[in-house]
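Note: the block below is run-v1.cif and it holds mmCIF, C-alpha atoms.
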data_data
#
loop_
_atom_site.label_atom_id
_atom_site.label_comp_id
_atom_site.auth_asym_id
_atom_site.auth_seq_id
_atom_site.Cartn_x
_atom_site.Cartn_y
_atom_site.Cartn_z
CA MET A 1 45.73 -14.30 -31.30
CA LYS A 2 47.12 -13.59 -34.71
CA THR A 3 46.98 -17.25 -35.69
CA GLN A 4 43.37 -17.35 -34.61
CA ARG A 5 42.39 -14.47 -36.80
CA SER A 6 44.14 -15.96 -39.80
CA THR A 7 42.48 -19.32 -39.12
CA ARG A 8 39.14 -17.62 -39.11
CA ILE A 9 39.82 -15.73 -42.30
CA TRP A 10 41.03 -18.93 -43.87
CA CYS A 11 37.79 -20.67 -42.87
CA LEU A 12 35.64 -17.91 -44.30
CA THR A 13 37.60 -17.80 -47.53
CA CYS A 14 37.34 -21.53 -47.91
CA ALA A 15 33.62 -21.42 -47.18
CA ALA A 16 33.14 -18.82 -49.89
CA LEU A 17 35.38 -20.56 -52.41
CA PHE A 18 33.87 -23.97 -51.85
CA ALA A 19 30.39 -22.59 -51.96
CA LEU A 20 31.18 -21.16 -55.39
CA GLY A 21 32.94 -24.28 -56.56
CA GLY A 22 30.03 -26.38 -55.39
CA CYS A 23 27.66 -24.58 -57.72
CA ALA A 24 29.22 -26.39 -60.61
CA THR A 25 28.31 -29.81 -59.31
CA THR A 26 25.03 -31.48 -60.07
CA ALA A 27 22.80 -32.22 -57.12
CA ASN A 28 19.44 -33.80 -56.68
CA ASN A 29 18.95 -33.38 -52.95
CA PRO A 30 17.57 -29.97 -51.92
CA LYS A 31 19.22 -30.06 -48.49
CA ASP A 32 22.59 -31.00 -50.00
CA PRO A 33 23.17 -28.83 -53.09
CA PHE A 34 26.97 -29.18 -52.89
CA GLU A 35 26.96 -32.94 -52.73
CA GLY A 36 29.84 -33.30 -55.19
CA PHE A 37 32.14 -31.13 -53.11
CA ASN A 38 30.94 -32.73 -49.89
CA ARG A 39 31.60 -36.23 -51.10
CA ALA A 40 35.10 -35.19 -52.14
CA MET A 41 35.74 -33.79 -48.66
CA PHE A 42 34.24 -36.91 -47.14
CA ALA A 43 36.87 -38.89 -49.02
CA VAL A 44 39.58 -36.50 -47.78
CA ASN A 45 38.46 -37.09 -44.21
CA GLU A 46 38.48 -40.83 -44.71
CA GLY A 47 42.09 -40.38 -45.75
CA ILE A 48 42.91 -38.31 -42.68
CA ASP A 49 41.18 -40.91 -40.54
CA VAL A 50 43.63 -43.55 -41.73
CA VAL A 51 46.13 -41.73 -39.51
CA VAL A 52 43.81 -40.45 -36.76
CA LYS A 53 41.92 -43.67 -36.11
CA PRO A 54 44.93 -45.79 -35.09
CA ILE A 55 46.01 -43.03 -32.70
CA ALA A 56 42.52 -42.96 -31.19
CA GLN A 57 42.53 -46.76 -30.96
CA GLY A 58 45.92 -46.72 -29.25
CA TYR A 59 44.69 -44.09 -26.82
CA ASP A 60 41.52 -46.09 -26.20
CA VAL A 61 43.48 -49.23 -25.35
CA ALA A 62 46.31 -47.56 -23.43
CA ALA A 63 44.35 -45.11 -21.30
CA PRO A 64 42.51 -46.72 -18.38
CA LEU A 65 38.84 -45.85 -18.10
CA PRO A 66 39.23 -43.52 -15.07
CA LEU A 67 41.78 -41.45 -17.01
CA LYS A 68 39.47 -41.17 -19.99
CA VAL A 69 36.66 -40.12 -17.67
CA VAL A 70 38.89 -37.43 -16.13
CA ILE A 71 39.90 -36.15 -19.58
CA GLY A 72 36.28 -36.12 -20.72
CA ASN A 73 35.21 -34.30 -17.55
CA PHE A 74 38.00 -31.74 -17.86
CA PHE A 75 37.04 -30.64 -21.36
CA GLY A 76 33.36 -31.06 -20.54
CA ASN A 77 33.74 -28.59 -17.68
CA ILE A 78 35.25 -25.99 -19.98
CA TRP A 79 32.41 -26.51 -22.44
CA ASP A 80 29.82 -26.25 -19.64
CA ALA A 81 30.68 -22.55 -19.27
CA TRP A 82 29.94 -21.97 -22.96
CA THR A 83 26.77 -24.08 -22.62
CA ALA A 84 25.66 -21.74 -19.82
CA VAL A 85 26.11 -18.70 -22.07
CA ASN A 86 24.16 -20.37 -24.86
CA ASN A 87 21.36 -21.49 -22.56
CA LEU A 88 21.09 -17.90 -21.42
CA LEU A 89 20.99 -16.68 -25.02
CA GLN A 90 18.23 -19.19 -25.68
CA GLY A 91 16.23 -17.86 -22.75
CA LYS A 92 16.66 -20.97 -20.63
CA GLY A 93 17.61 -19.20 -17.40
CA GLY A 94 17.11 -22.23 -15.18
CA ASP A 95 19.40 -24.42 -17.27
CA ALA A 96 21.97 -21.64 -17.49
CA ALA A 97 21.98 -21.24 -13.70
CA SER A 98 22.42 -24.98 -13.31
CA ASP A 99 25.33 -24.93 -15.79
CA VAL A 100 27.02 -22.10 -13.90
CA GLY A 101 26.55 -24.14 -10.72
CA ARG A 102 28.16 -27.11 -12.44
CA VAL A 103 31.20 -25.12 -13.50
CA LEU A 104 31.64 -23.58 -10.03
CA ILE A 105 31.29 -26.91 -8.22
CA ASN A 106 33.34 -28.99 -10.64
CA SER A 107 36.13 -26.42 -10.94
CA THR A 108 36.56 -26.35 -7.14
CA LEU A 109 35.33 -29.54 -5.47
CA GLY A 110 35.87 -31.43 -8.72
CA ILE A 111 39.53 -30.34 -8.82
CA GLY A 112 39.69 -28.22 -11.94
CA GLY A 113 36.90 -30.13 -13.65
CA ALA A 114 38.48 -33.58 -13.36
CA PHE A 115 35.49 -34.98 -11.51
CA ASP A 116 31.82 -34.40 -12.20
CA ILE A 117 30.78 -33.82 -8.59
CA ALA A 118 27.90 -31.57 -9.70
CA GLY A 119 26.48 -34.38 -11.82
CA GLU A 120 26.44 -36.65 -8.78
CA MET A 121 24.68 -33.89 -6.89
CA GLY A 122 21.94 -33.96 -9.49
CA LEU A 123 22.87 -31.03 -11.75
CA THR A 124 22.26 -32.49 -15.18
CA LYS A 125 24.85 -31.86 -17.87
CA HIS A 126 23.54 -30.03 -20.92
CA SER A 127 25.29 -29.47 -24.17
CA GLU A 128 24.69 -26.32 -26.14
CA ASP A 129 26.63 -24.51 -28.81
CA PHE A 130 26.13 -21.36 -30.82
CA GLY A 131 24.70 -23.25 -33.79
CA GLN A 132 21.89 -24.52 -31.56
CA THR A 133 21.32 -21.00 -30.26
CA LEU A 134 20.98 -19.71 -33.83
CA GLY A 135 18.62 -22.61 -34.56
CA LYS A 136 16.51 -21.71 -31.54
CA TRP A 137 16.39 -18.13 -32.78
CA GLY A 138 14.87 -19.41 -35.99
CA VAL A 139 17.89 -19.51 -38.32
CA GLY A 140 17.37 -22.32 -40.82
CA ASP A 141 19.87 -25.08 -41.63
CA GLY A 142 20.99 -23.74 -44.98
CA PRO A 143 22.91 -26.02 -47.34
CA PHE A 144 24.76 -28.93 -45.82
CA PHE A 145 28.59 -29.06 -45.87
CA TYR A 146 31.12 -31.73 -45.15
CA TRP A 147 34.32 -29.95 -44.10
CA PRO A 148 37.81 -31.37 -43.92
CA ILE A 149 38.79 -32.30 -40.34
CA ILE A 150 35.76 -30.74 -38.64
CA GLY A 151 33.27 -32.91 -40.50
CA PRO A 152 29.56 -32.40 -41.18
CA ARG A 153 28.00 -28.98 -40.56
CA THR A 154 25.02 -27.15 -41.94
CA THR A 155 25.70 -23.58 -43.09
CA ARG A 156 24.19 -22.27 -39.86
CA ASP A 157 26.27 -24.66 -37.79
CA THR A 158 29.42 -23.74 -39.71
CA PHE A 159 29.00 -20.14 -38.54
CA GLY A 160 28.02 -21.42 -35.11
CA TRP A 161 31.20 -23.47 -35.02
CA MET A 162 33.34 -20.42 -35.87
CA VAL A 163 31.79 -18.54 -32.95
CA ASP A 164 32.33 -21.59 -30.72
CA VAL A 165 36.00 -21.71 -31.63
CA TYR A 166 36.36 -17.94 -31.19
CA CYS A 167 34.98 -18.16 -27.64
CA ASP A 168 36.64 -21.45 -26.77
CA PRO A 169 39.13 -20.92 -23.89
CA VAL A 170 41.22 -23.86 -25.09
CA TRP A 171 41.98 -22.04 -28.36
CA ARG A 172 42.93 -18.96 -26.31
CA VAL A 173 45.70 -20.53 -24.29
CA ASP A 174 48.79 -18.37 -24.93
CA ASP A 175 51.40 -21.08 -24.70
CA MET A 176 51.33 -22.58 -28.17
CA ALA A 177 52.68 -26.00 -27.23
CA LEU A 178 50.18 -26.34 -24.41
CA ARG A 179 47.33 -25.14 -26.58
CA ASN A 180 48.18 -27.56 -29.36
CA SER A 181 48.42 -30.51 -27.04
CA LEU A 182 45.09 -29.60 -25.43
CA VAL A 183 43.39 -29.32 -28.79
CA ALA A 184 44.95 -32.59 -29.97
CA THR A 185 44.02 -34.46 -26.79
CA ARG A 186 40.45 -33.28 -27.05
CA TYR A 187 40.31 -34.29 -30.70
CA ILE A 188 41.70 -37.77 -30.08
CA ASN A 189 39.42 -38.23 -27.07
CA LEU A 190 36.45 -37.30 -29.26
CA ARG A 191 37.55 -39.66 -32.04
CA ALA A 192 38.03 -42.47 -29.51
CA SER A 193 34.52 -41.96 -28.18
CA LEU A 194 33.22 -42.46 -31.72
CA LEU A 195 35.08 -45.75 -32.26
CA PRO A 196 32.15 -48.00 -31.25
CA SER A 197 29.84 -46.38 -33.80
CA ASP A 198 32.28 -47.08 -36.66
CA LYS A 199 31.22 -50.70 -36.99
CA VAL A 200 27.54 -49.89 -36.58
CA VAL A 201 27.66 -47.34 -39.39
CA ARG A 202 29.85 -49.50 -41.62
CA GLU A 203 27.38 -52.39 -41.49
CA ALA A 204 24.14 -50.41 -41.37
CA ALA A 205 24.82 -47.90 -44.14
CA PHE A 206 24.45 -48.51 -47.86
CA ASP A 207 26.09 -45.21 -48.60
CA ARG A 208 28.10 -44.05 -45.61
CA TYR A 209 28.23 -40.44 -46.73
CA GLU A 210 24.45 -40.31 -46.97
CA TYR A 211 23.90 -42.21 -43.73
CA ILE A 212 26.19 -39.89 -41.78
CA ARG A 213 24.74 -36.77 -43.41
CA ASP A 214 21.15 -37.72 -42.61
CA ALA A 215 22.03 -38.85 -39.10
CA TYR A 216 23.82 -35.55 -38.49
CA LEU A 217 20.82 -33.55 -39.70
CA GLN A 218 18.40 -35.54 -37.53
CA HIS A 219 20.73 -35.27 -34.55
CA ARG A 220 21.06 -31.49 -34.83
CA ARG A 221 17.32 -31.09 -35.16
CA SER A 222 16.88 -33.08 -31.98
CA GLU A 223 19.57 -31.03 -30.21
CA ILE A 224 17.92 -27.74 -31.11
CA PHE A 225 14.66 -29.00 -29.64
CA ASP A 226 16.56 -30.44 -26.64
CA GLY A 227 15.46 -33.96 -27.47
CA ALA A 228 11.75 -33.13 -27.64
CA GLN A 229 11.43 -32.47 -31.37
CA PRO A 230 7.92 -32.37 -32.75
CA HIS A 231 6.76 -35.61 -34.22
CA GLU A 232 7.29 -35.99 -37.92
CA VAL A 233 4.55 -38.01 -39.52
CA ILE A 234 5.52 -38.55 -43.11
CA VAL A 235 4.29 -42.04 -43.82
CA ASP A 236 1.07 -41.97 -45.76
CA GLU A 237 -0.33 -45.23 -44.63
CA PRO A 238 0.09 -46.31 -41.01
CA ALA A 239 0.57 -49.80 -42.41
CA ARG A 240 -0.26 -52.40 -39.87
CA MET B 241 -8.67 -42.62 14.09
CA MET B 242 -7.91 -46.24 13.42
CA LYS B 243 -10.77 -46.35 10.99
CA PHE B 244 -9.40 -43.32 9.17
CA ALA B 245 -5.99 -44.91 8.92
CA CYS B 246 -7.51 -48.09 7.59
CA SER B 247 -9.52 -46.33 4.94
CA LEU B 248 -6.46 -44.32 3.99
CA LEU B 249 -4.47 -47.52 3.61
CA PHE B 250 -7.27 -49.03 1.60
CA ALA B 251 -7.40 -46.00 -0.69
CA LEU B 252 -3.66 -46.16 -1.14
CA PHE B 253 -3.90 -49.86 -1.93
CA CYS B 254 -6.59 -49.23 -4.52
CA SER B 255 -4.59 -46.53 -6.21
CA LEU B 256 -1.49 -48.72 -6.27
CA THR B 257 -3.06 -51.86 -7.66
CA PRO B 258 -3.70 -50.58 -11.18
CA ALA B 259 -0.13 -49.35 -11.34
CA LEU B 260 1.13 -52.77 -10.37
CA ALA B 261 -1.24 -54.47 -12.78
CA GLN B 262 0.06 -52.32 -15.66
CA ASP B 263 2.78 -54.78 -16.47
CA ASN B 264 2.14 -54.46 -20.16
CA ALA B 265 2.31 -50.66 -20.10
CA PRO B 266 4.73 -49.37 -22.77
CA ASP B 267 7.29 -47.93 -20.35
CA ALA B 268 7.27 -51.08 -18.23
CA LEU B 269 7.75 -53.11 -21.39
CA VAL B 270 10.78 -51.11 -22.53
CA ARG B 271 12.29 -51.35 -19.07
CA LYS B 272 11.76 -55.09 -18.86
CA VAL B 273 13.22 -55.81 -22.30
CA THR B 274 16.21 -53.51 -21.71
CA ASP B 275 16.89 -55.07 -18.30
CA ASP B 276 16.60 -58.59 -19.69
CA VAL B 277 18.99 -57.86 -22.55
CA LEU B 278 21.55 -55.99 -20.47
CA THR B 279 21.56 -58.71 -17.79
CA VAL B 280 22.69 -61.14 -20.45
CA VAL B 281 25.21 -58.72 -22.00
CA ARG B 282 26.77 -57.98 -18.61
CA GLN B 283 27.45 -61.66 -18.07
CA ASP B 284 28.51 -62.50 -21.60
CA ARG B 285 32.13 -61.72 -22.24
CA GLU B 286 31.89 -62.80 -25.88
CA ILE B 287 29.17 -60.29 -26.73
CA ARG B 288 31.09 -57.53 -25.00
CA SER B 289 34.23 -58.33 -26.94
CA GLY B 290 32.38 -57.89 -30.23
CA ASN B 291 30.81 -61.25 -31.09
CA THR B 292 28.02 -59.94 -33.29
CA SER B 293 26.39 -63.27 -34.14
CA LYS B 294 25.91 -64.03 -30.47
CA ALA B 295 24.44 -60.57 -29.93
CA ILE B 296 22.11 -61.15 -32.89
CA GLU B 297 20.88 -64.36 -31.28
CA LEU B 298 20.14 -62.43 -28.10
CA VAL B 299 18.26 -59.68 -29.94
CA GLU B 300 16.26 -62.26 -31.88
CA THR B 301 15.05 -64.06 -28.78
CA LYS B 302 14.58 -61.14 -26.37
CA VAL B 303 13.78 -58.11 -28.50
CA LEU B 304 12.21 -59.23 -31.77
CA PRO B 305 8.81 -60.20 -30.33
CA TYR B 306 8.24 -56.60 -29.25
CA PHE B 307 9.13 -54.95 -32.55
CA ASN B 308 6.69 -54.32 -35.36
CA PHE B 309 8.85 -54.70 -38.44
CA GLN B 310 6.10 -54.26 -40.98
CA ARG B 311 5.42 -50.81 -39.60
CA MET B 312 9.13 -49.99 -39.26
CA THR B 313 9.70 -50.89 -42.88
CA ALA B 314 6.73 -48.78 -43.98
CA LEU B 315 8.22 -45.87 -42.07
CA ALA B 316 11.64 -46.33 -43.66
CA VAL B 317 10.28 -46.69 -47.19
CA GLY B 318 7.90 -43.73 -46.90
CA ARG B 319 5.37 -43.09 -49.60
CA ASP B 320 6.70 -45.77 -51.95
CA TRP B 321 5.38 -48.32 -49.47
CA ASN B 322 1.98 -48.07 -51.12
CA LYS B 323 3.46 -49.15 -54.44
CA ALA B 324 4.50 -52.52 -53.03
CA THR B 325 2.33 -55.61 -53.31
CA ALA B 326 1.52 -57.60 -50.18
CA GLU B 327 4.17 -60.14 -51.09
CA GLN B 328 6.80 -57.45 -51.72
CA LYS B 329 5.93 -55.86 -48.38
CA THR B 330 6.54 -59.13 -46.57
CA ARG B 331 9.88 -59.72 -48.27
CA LEU B 332 10.96 -56.12 -47.76
CA ALA B 333 10.09 -56.25 -44.05
CA GLU B 334 11.95 -59.55 -43.69
CA GLU B 335 15.17 -58.14 -45.21
CA PHE B 336 14.94 -54.87 -43.31
CA LYS B 337 14.43 -56.81 -40.10
CA THR B 338 17.64 -58.77 -40.66
CA LEU B 339 19.58 -55.56 -41.23
CA LEU B 340 18.14 -53.71 -38.23
CA VAL B 341 18.68 -56.64 -35.89
CA ARG B 342 22.34 -56.61 -36.87
CA THR B 343 22.61 -52.84 -36.32
CA TYR B 344 21.02 -53.19 -32.90
CA ALA B 345 23.26 -56.13 -32.06
CA ASN B 346 26.38 -54.25 -33.15
CA ALA B 347 25.42 -51.39 -30.85
CA LEU B 348 25.01 -53.84 -27.98
CA THR B 349 28.53 -55.20 -28.34
CA SER B 350 29.95 -51.80 -27.38
CA TYR B 351 28.07 -51.77 -24.07
CA LYS B 352 30.41 -50.96 -21.19
CA ASP B 353 28.48 -50.87 -17.92
CA GLN B 354 26.62 -47.66 -18.70
CA ARG B 355 23.63 -46.94 -16.55
CA ILE B 356 20.15 -46.64 -18.09
CA VAL B 357 17.80 -43.97 -16.80
CA TYR B 358 14.10 -44.21 -17.62
CA LYS B 359 12.35 -40.90 -18.06
CA PRO B 360 8.71 -40.52 -17.02
CA THR B 361 6.36 -41.45 -19.84
CA LYS B 362 3.27 -39.50 -20.74
CA LEU B 363 0.56 -41.85 -21.94
CA PRO B 364 -1.57 -40.29 -24.66
CA PRO B 365 -5.28 -40.20 -23.89
CA ASP B 366 -6.20 -42.05 -27.07
CA ASP B 367 -3.76 -44.85 -26.38
CA SER B 368 -2.51 -44.88 -29.95
CA SER B 369 1.19 -44.17 -29.93
CA VAL B 370 3.68 -43.27 -27.24
CA VAL B 371 7.34 -42.31 -26.89
CA VAL B 372 9.31 -43.93 -24.08
CA ARG B 373 12.45 -41.94 -23.34
CA THR B 374 15.55 -43.45 -21.83
CA GLU B 375 19.07 -42.20 -21.29
CA VAL B 376 22.35 -44.02 -21.36
CA VAL B 377 24.47 -42.36 -18.70
CA GLN B 378 28.21 -42.66 -19.04
CA PRO B 379 30.80 -40.93 -16.90
CA GLY B 380 32.98 -38.38 -18.66
CA SER B 381 30.52 -37.58 -21.43
CA GLN B 382 27.01 -36.37 -21.99
CA ALA B 383 24.22 -38.93 -21.64
CA VAL B 384 22.91 -40.42 -24.88
CA GLN B 385 19.17 -40.28 -25.28
CA ILE B 386 17.44 -43.38 -26.65
CA ASP B 387 13.75 -43.05 -27.48
CA TYR B 388 11.43 -45.89 -28.35
CA GLU B 389 8.21 -45.23 -30.18
CA LEU B 390 5.47 -47.73 -29.53
CA ALA B 391 2.02 -48.28 -30.93
CA LYS B 392 -0.74 -50.50 -29.64
CA GLN B 393 -1.32 -53.53 -31.80
CA GLY B 394 -4.46 -55.19 -30.51
CA ASP B 395 -3.66 -55.72 -26.84
CA VAL B 396 0.09 -55.40 -26.93
CA TRP B 397 2.45 -52.50 -27.36
CA GLN B 398 5.05 -52.82 -30.09
CA VAL B 399 8.07 -50.70 -30.90
CA TYR B 400 8.08 -49.20 -34.39
CA ASP B 401 10.91 -46.68 -34.15
CA VAL B 402 14.14 -46.36 -32.17
CA ARG B 403 15.96 -43.04 -32.01
CA VAL B 404 19.51 -42.81 -30.74
CA ALA B 405 20.60 -39.26 -29.90
CA GLY B 406 17.67 -38.06 -31.98
CA VAL B 407 18.63 -40.20 -34.97
CA SER B 408 15.98 -42.66 -36.06
CA LEU B 409 17.49 -46.00 -37.05
CA VAL B 410 14.47 -46.31 -39.32
CA THR B 411 13.84 -43.00 -41.06
CA ASN B 412 17.56 -42.42 -41.56
CA TYR B 413 17.20 -44.82 -44.51
CA ARG B 414 14.43 -42.88 -46.17
CA ASP B 415 16.50 -40.98 -48.77
CA THR B 416 18.59 -44.02 -49.66
CA PHE B 417 15.54 -46.23 -50.02
CA SER B 418 13.49 -43.80 -52.08
CA GLN B 419 16.43 -43.25 -54.43
CA GLU B 420 16.74 -47.00 -54.96
CA VAL B 421 13.00 -47.34 -55.58
CA ARG B 422 13.16 -44.47 -58.06
CA SER B 423 15.91 -46.11 -60.08
CA ASN B 424 15.22 -49.83 -59.65
CA GLY B 425 11.73 -50.17 -58.22
CA ILE B 426 10.57 -52.03 -55.11
CA ASP B 427 12.24 -55.22 -56.31
CA GLY B 428 15.51 -53.30 -56.65
CA LEU B 429 15.23 -52.23 -53.02
CA ILE B 430 14.52 -55.79 -51.89
CA ALA B 431 17.54 -56.97 -53.87
CA MET B 432 19.75 -54.23 -52.42
CA LEU B 433 18.82 -55.19 -48.85
CA GLY B 434 19.15 -58.88 -49.57
CA LYS B 435 22.59 -58.45 -51.08
CA ARG B 436 23.84 -56.48 -48.08
CA ASN B 437 22.45 -59.04 -45.63
CA ARG B 438 24.11 -61.92 -47.43
CA GLU B 439 27.43 -60.07 -47.52
CA LEU B 440 27.31 -59.35 -43.81
CA GLN B 441 26.23 -62.90 -43.08
CA ALA B 442 29.15 -64.25 -45.10
CA ARG B 443 31.60 -62.07 -43.20
CA LYS B 444 30.56 -64.05 -40.11
CA SER B 445 31.63 -61.55 -37.53
#
Transcribe the structure of this file into structure tokens.
Amino acid sequence: MKTQRSTRIWCLTCAALFALGGCATTANNPKDPFEGFNRAMFAVNEGIDVVVKPIAQGYDVAAPLPLKVVIGNFFGNIWDAWTAVNNLLQGKGGDAASDVGRVLINSTLGIGGAFDIAGEMGLTKHSEDFGQTLGKWGVGDGPFFYWPIIGPRTTRDTFGWMVDVYCDPVWRVDDMALRNSLVATRYINLRASLLPSDKVVREAAFDRYEYIRDAYLQHRRSEIFDGAQPHEVIVDEPAR
Amino acid sequence: MMKFACSLLFALFCSLTPALAQDNAPDALVRKVTDDVLTVVRQDREIRSGNTSKAIELVETKVLPYFNFQRMTALAVGRDWNKATAEQKTRLAEEFKTLLVRTYANALTSYKDQRIVYKPTKLPPDDSSVVVRTEVVQPGSQAVQIDYELAKQGDVWQVYDVRVAGVSLVTNYRDTFSQEVRSNGIDGLIAMLGKRNRELQARKS
């Protein structure tokens, strides 16, 4: 508990410090005023990834698909509970009820969340977090940040993420060794799931930082609107 | 009674026929192209183990005819598109096509038996533009939404935008492209795309 609080304070302090430090950098993109800082952190993460990626690749090769599915389902089931809360906060009672149903069914029939029985029964998996809830409530993106380890987040989603972590049962496991291995497994599993997109981004992007930033912003916008974002018509000429 | 049943059958038949005849409807088109492509990918071990050039060949034969690259390029370039001459537009679209085909092909090589779900499509009354929504369902993680935007070009529907998990493969380039146009003009942008394509081509992966 104590570690958690200090982590949170650390995050907030960093956010404040970096926000101040970022003011000094020149920026020409209104949605990314701290581009200098962000690019530096992007480079830091690339460095960290030199270590993380091989682990994720090893895991990807070593773990058979059914095991990866079970691991994904297990953490997904824990997140489903938080999704239910957020759906409720967003006024989507039907979805929230379905999420609660998912957790109940998968935790019991699905043996502690290992199997997605509810999904097979037709209860669709949703994915919500507190950043999306804030977005639904009308909180704007705010400046974009690229954080070490946790990666891209808008200001709103940075606060959303802190609330997510605060409420995350995995971070609340008392046994420190168990908690750390759970967090690490989830992180490696997430990194492994992103391996296929590495090559796509590497070949498609002219500036990987920019490509990832803009993709993240589009993706979050779509998530807040649950995939049905209003159409953006920006092109002046329909151009046949 | 028999007569009633017959007329009911007839009515049913009439209402079904247009649906069957709508083979060139946008959702049917997306489904057909996706099925065709995935049938090949499922059988082709080389593509699935990351042979991009083979995947590119597949995309070029099966997917290209249904994509409107001129319009895609216009969408990616944004308002600078109007500054380009007809010749520049053609060259720009050609280079952007090469790049997008590779991106699409790269994504295909990571296909691992995921199931595709086609969401119901609402056809707009004016028949101008439509979004066909699909979902890639994979066990152990949340489904990835893939949306295709199509517009009617004469008699045929053509795709002009693809969004993966809400991210448009086309408009995601907008900032990068407009920056390049601002500093080096339309020709600079053509050169930038051309350079990248040649590099990737030379890598031969």
Just so the selection is clear, what residues does the PyMOL selection byres ((chain B) within 9 of (chain A)) cover here, as a VMD selection string? chain B and resid 308 310 to 311 314 to 319 321 to 322 339 to 340 342 to 347 349 to 350 378 to 383 385 393 404 to 409 412 to 413 415 to 416 432 to 433 436 440
Care to translate the PyMOL selection byres ((chain A and resi 130) around 9) into actual residues of this file, as a list in words? Trp82, Thr83, Asn86, Glu128, Asp129, Gly131, Gln132, Thr133, Leu134, Gly135, Asp157, Phe159, Gly160, Trp161, Met162, Val163 and Asp164 of chain A
Taking 3 positions as the minimum chain separation for residues in the same chain, which residues sit within 12 Å of range 277-289 of chain B when counting all atoms listed in the file? Answer as a PyMOL selection string. (chain A and resi 196) or (chain B and resi 270-274+292-304+344-356+445)
Could you list as a PDB file with C-alpha atoms, in the coordinates of the input every residue that has an atom within 10 Å of (1.9, -56.2, -23.2), using the file's coordinates and counting all atoms listed in the file?
ATOM      1  CA  GLN B 262       0.060 -52.320 -15.660  1.00  0.00           C
ATOM      2  CA  ASP B 263       2.780 -54.780 -16.470  1.00  0.00           C
ATOM      3  CA  ASN B 264       2.140 -54.460 -20.160  1.00  0.00           C
ATOM      4  CA  ALA B 265       2.310 -50.660 -20.100  1.00  0.00           C
ATOM      5  CA  PRO B 266       4.730 -49.370 -22.770  1.00  0.00           C
ATOM      6  CA  ALA B 268       7.270 -51.080 -18.230  1.00  0.00           C
ATOM      7  CA  LEU B 269       7.750 -53.110 -21.390  1.00  0.00           C
ATOM      8  CA  TYR B 306       8.240 -56.600 -29.250  1.00  0.00           C
ATOM      9  CA  LYS B 392      -0.740 -50.500 -29.640  1.00  0.00           C
ATOM     10  CA  GLN B 393      -1.320 -53.530 -31.800  1.00  0.00           C
ATOM     11  CA  GLY B 394      -4.460 -55.190 -30.510  1.00  0.00           C
ATOM     12  CA  ASP B 395      -3.660 -55.720 -26.840  1.00  0.00           C
ATOM     13  CA  VAL B 396       0.090 -55.400 -26.930  1.00  0.00           C
ATOM     14  CA  TRP B 397       2.450 -52.500 -27.360  1.00  0.00           C
ATOM     15  CA  GLN B 398       5.050 -52.820 -30.090  1.00  0.00           C
TER      16      GLN B 398
END
Computed interatomic separation between CA of Trp147 in chain A and CA of Ile224 in chain A (Å):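 So the two atoms, CA of Trp147 in chain A and CA of Ile224 in chain A, lie 21.0 Å apart.
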Quote the spacing between CA of Asp387 in chain B and CA of Asp267 in chain B in Å to one decimal place.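 Rounded to one decimal, the two atoms are 10.8 Å apart.
The space separating CA of Asp141 in chain A from CA of Ala43 in chain A comes to 23.1 Å.
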Go through B:Thr313, B:Asn291, B:Arg373, B:Thr411 and flag the residue nearest Glu334 in chain B, using all atoms listed in the file for the distances.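 With all atoms listed in the file as the atom set, the closest residue is B:Thr313.
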Which residue of A:Gly101, A:Gly94, A:Pro148, A:Gly142 approaches Phe37 in chain A most closely, using all atoms listed in the file: A:Pro148
For a quick check of understanding, using all atoms listed in the file, which of B:Asn424, B:Thr338, B:Leu429, B:Asp367 has the smallest distance to Gln441 in chain B? B:Thr338
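Residue nearest Asn38 in chain A within the list A:Pro152, A:Pro230, A:Gly112, A:Gly91: A:Pro152 [criterion: smallest interatomic distance, all atoms listed in the file].
With only the atoms specified (all atoms listed in the file) counting, those residues at most 10 Å away from (24.2, -17.3, -17.3) are Ala81, Trp82, Thr83, Ala84, Val85, Asn86, Asn87, Leu88, Leu89, Gly91, Lys92, Gly93, Gly94, Asp95, Ala96, Ala97, Ser98, Asp99, Val100 and Gly101 of chain A.
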Output, as lines of an AutoDock Vina configuration file, the centre and edge lengths in Å (one decimal) of the axis-aligned box that contains all listed atoms of range 309-322 of chain B with 6 Å of margin on each side.
center_x = 6.8
center_y = -48.9
center_z = -45.2
size_x = 21.7
size_y = 23.6
size_z = 25.5
